[in-house]
Protein chains: 2
Amino acid sequence: MSHVMLLLAHPRPDSFCHAIADRIRSVLTTSGHDVRFHDLYAESFDPIVSAEEAYTTGESVEAYLAREADTVVGRHRMELQDARGLVVVHPNWWGKPPAILSGWMDRVVVPGVAYRLSDATGVPESLVAVERMLVVNTSDTTAEREAAVFGDPLEAIWGRCLAPYLGDPSFVRQVLRPVTDATAAQRAAWLEDTADRARSLFCR
Amino acid sequence: MSHVMLLLAHPRPDSFCHAIADRIRSVLTTSGHDVRFHDLYAESFDPIVSAEEAYTTGESVEAYLAREADTVVGRHRMELQDARGLVVVHPNWWGKPPAILSGWMDRVVVPGVAYRLSDATGVPESLVAVERMLVVNTSDTTAEREAAVFGDPLEAIWGRCLAPYLGDPSFVRQVLRPVTDATAAQRAAWLEDTADRARSLFCR
């Protein structure tokens, strides 16, 4: 059965990222999507790739999945293999996702589960078929400074590094900024904008 | 007392990253540097920013450091405040560091410890004075594919996002690739090259 995975990574349960994820979840659920919501902090997701995991090569997808099927990471892998949509909500920390979500990428989107390399050029063949992908980031850096000074590595990480390995979905990214001193009215407007983008991407 | 922090993040104790870090450590120690070496996996560094940490704002540097001084992360923060050099060795995973090192950035390089924002523009004023910084990455992507397809977000994360918050050190990054099928001779040549770069940056 196809579904949309929704990943949230923020340490504070009352964060604006939580409000964003709740809103997207509501929009998608209302329009009939089966949403698999994961607050990685609430799940105490373990982001550390073990030495044993790092040695894994050449194993069949089936054997690989079976071996860790009953673990949290095993369930995430199986969910990703069946997902038709992916939504990710997190703050921009040093141009990358928080460690808990970095580790989700390291442990869940692994060879033999999410993709295999089809030839010596390293071009991936996806084992998953995510068709639509929405990334929402919060930041305290202006768009001008992000582009001129930092180079917005998060855009490359999600859109150029990861998405092609997930089936090359339609990719939309929204950055809300600056959030720290934003008024309640500004936050409400952002939530509306996020809801519109989620509808436009997933409910067309 | 000034020193060089050397961070290593790879799950396999026999990894090529370990060999690289050992070589750099040897070069720097031989030339009289006080090297503080941290194999983050061996230390079981906890990369997860807690909710309590995420709420911290406005506290003085002294109070902040004192509160967590006796923890692993507290010791890393104090070491960073006194470091004149930083070396980081890790594989490229999805265009970002492995989660354990992502979390080192999230937890150690924090406001009030490593920097403070000097005004409303968000331009940082460093509380540390790292003068020289070396990043060595392993990868299985060719330089051409990295530039054309992925956009090399790691270069931006370390060189453009983080370095300016550490005192804007002289920054050198070396990427060794592709490592998976590299011969012993190739690896030996890479280690020599890395040693040369470490000497040239830190021992001039």
# chains A, B, ... in the order shown; residues from 1 in each chain; ligands from 1
call {"tool": "residues_around", "arguments": {"residues": "Arg25 in chain A", "least_positions_apart": "5", "cutoff": "8 Å", "atoms": "only C-alpha atoms", "output": "list in words"}}
result
Leu6, Val35 and Phe37 of chain A
call {"tool": "residues_around", "arguments": {"residues": "range 101-105 of chain B", "least_positions_apart": "2", "cutoff": "7 Å", "atoms": "only C-alpha atoms", "output": "list in words"}}
result
Pro98 and Ala99 of chain A; Ala9, Pro47, Ile48, Pro97, Pro98, Ala99, Arg107, Val108 and Val109 of chain B
call {"tool": "closest_atom_pairs", "arguments": {"of": "chain A", "to": "chain B", "cutoff": "7 Å", "atoms": "only C-alpha atoms", "output": "tab-separated table"}}
result
residue	atom	partner	partner_atom	distance
A:Pro11	CA	B:Ala51	CA	4.6
A:Arg12	CA	B:Ala51	CA	4.8
A:Pro47	CA	B:Ala99	CA	6.1
A:Ile48	CA	B:Ala99	CA	6.4
A:Val49	CA	B:Pro11	CA	6.6
A:Ser50	CA	B:Pro11	CA	5.8
A:Ala51	CA	B:Pro11	CA	4.6
A:Ala54	CA	B:Pro11	CA	6.7
A:Trp93	CA	B:Asp106	CA	6.8
A:Trp94	CA	B:Cys161	CA	5.8
A:Gly95	CA	B:Ile157	CA	5.6
A:Lys96	CA	B:Lys96	CA	6.6
A:Pro98	CA	B:Ser102	CA	6.9
A:Ala99	CA	B:Ala99	CA	4.7
A:Ile100	CA	B:Ile48	CA	6.4
A:Ser102	CA	B:Ala99	CA	5.1
A:Gly103	CA	B:Ala99	CA	4.7
A:Asp106	CA	B:Trp93	CA	6.8
A:Val149	CA	B:Arg160	CA	6.5
A:Phe150	CA	B:Arg160	CA	5.0
A:Gly151	CA	B:Ala156	CA	6.2
A:Pro153	CA	B:Pro153	CA	4.6
A:Ala156	CA	B:Pro153	CA	6.1
A:Ile157	CA	B:Gly95	CA	5.6
A:Arg160	CA	B:Phe150	CA	5.0
A:Cys161	CA	B:Phe150	CA	5.2
A:Leu162	CA	B:Trp94	CA	6.5
call {"tool": "write_last_selection", "arguments": {"atoms": "C-alpha atoms", "output": "short mmCIF file (atom, residue, chain, number, x, y, z; two decimals), in the first residue's frame"}}
result
data_model
loop_
_atom_site.label_atom_id
_atom_site.label_comp_id
_atom_site.auth_asym_id
_atom_site.auth_seq_id
_atom_site.Cartn_x
_atom_site.Cartn_y
_atom_site.Cartn_z
CA PRO A 11 14.46 18.81 19.72
CA ARG A 12 11.75 21.08 21.14
CA PRO A 47 21.33 7.94 14.09
CA ILE A 48 24.60 6.04 14.51
CA VAL A 49 25.66 3.69 11.70
CA SER A 50 27.30 0.76 13.43
CA ALA A 51 30.54 -0.85 12.27
CA ALA A 54 29.14 -0.21 7.47
CA TRP A 93 21.93 23.58 11.29
CA TRP A 94 25.28 24.39 9.68
CA GLY A 95 23.86 23.82 6.22
CA LYS A 96 22.84 20.24 7.01
CA PRO A 98 20.24 17.93 12.62
CA ALA A 99 22.26 14.83 13.49
CA ILE A 100 19.17 12.69 14.18
CA SER A 102 21.49 13.01 9.16
CA GLY A 103 21.56 9.56 10.70
CA ASP A 106 22.86 7.34 6.71
CA VAL A 149 27.95 33.57 1.99
CA PHE A 150 26.91 30.01 2.79
CA GLY A 151 25.91 28.63 -0.62
CA PRO A 153 24.25 23.28 0.96
CA ALA A 156 22.14 20.30 -2.78
CA ILE A 157 21.92 17.65 -0.05
CA ARG A 160 20.79 16.88 -5.82
CA CYS A 161 22.38 14.24 -3.55
CA LEU A 162 19.41 12.38 -2.10
#
call {"tool": "atom_distance", "arguments": {"atom1": "CA of Leu8 in chain A", "atom2": "CA of Ala147 in chain A"}}
result
24.8 Å
call {"tool": "select_by_dssp", "arguments": {"residues": "range 13-125 of chain A", "states": "strand (DSSP E or B)", "output": "list in words"}}
result
Val35, Arg36, Phe37, His38, Asp39, Ala83, Arg84, Gly85, Leu86, Val87, Val88, Val89, His90, Pro91, Trp93, Lys96, Pro111, Tyr115, Arg116, Leu117, Pro124 and Glu125 of chain A
call {"tool": "select_by_dssp", "arguments": {"residues": "range 47-157 of chain A", "states": "alpha helix (DSSP H)", "output": "ChimeraX atom specification"}}
result
/A:51-55,61-67,72-82,99-108,143-145,153-155
call {"tool": "atom_distance", "arguments": {"atom1": "CA of Ala83 in chain A", "atom2": "CA of Pro91 in chain B"}}
result
27.9 Å
call {"tool": "atom_distance", "arguments": {"atom1": "CA of Trp190 in chain B", "atom2": "CA of His3 in chain B"}}
result
25.2 Å
call {"tool": "closest_residue", "arguments": {"among": "B:Ala19, B:Val135, B:Val175, B:Ala182", "to": "Gly85 in chain B", "atoms": "only C-alpha atoms"}}
result
B:Val135
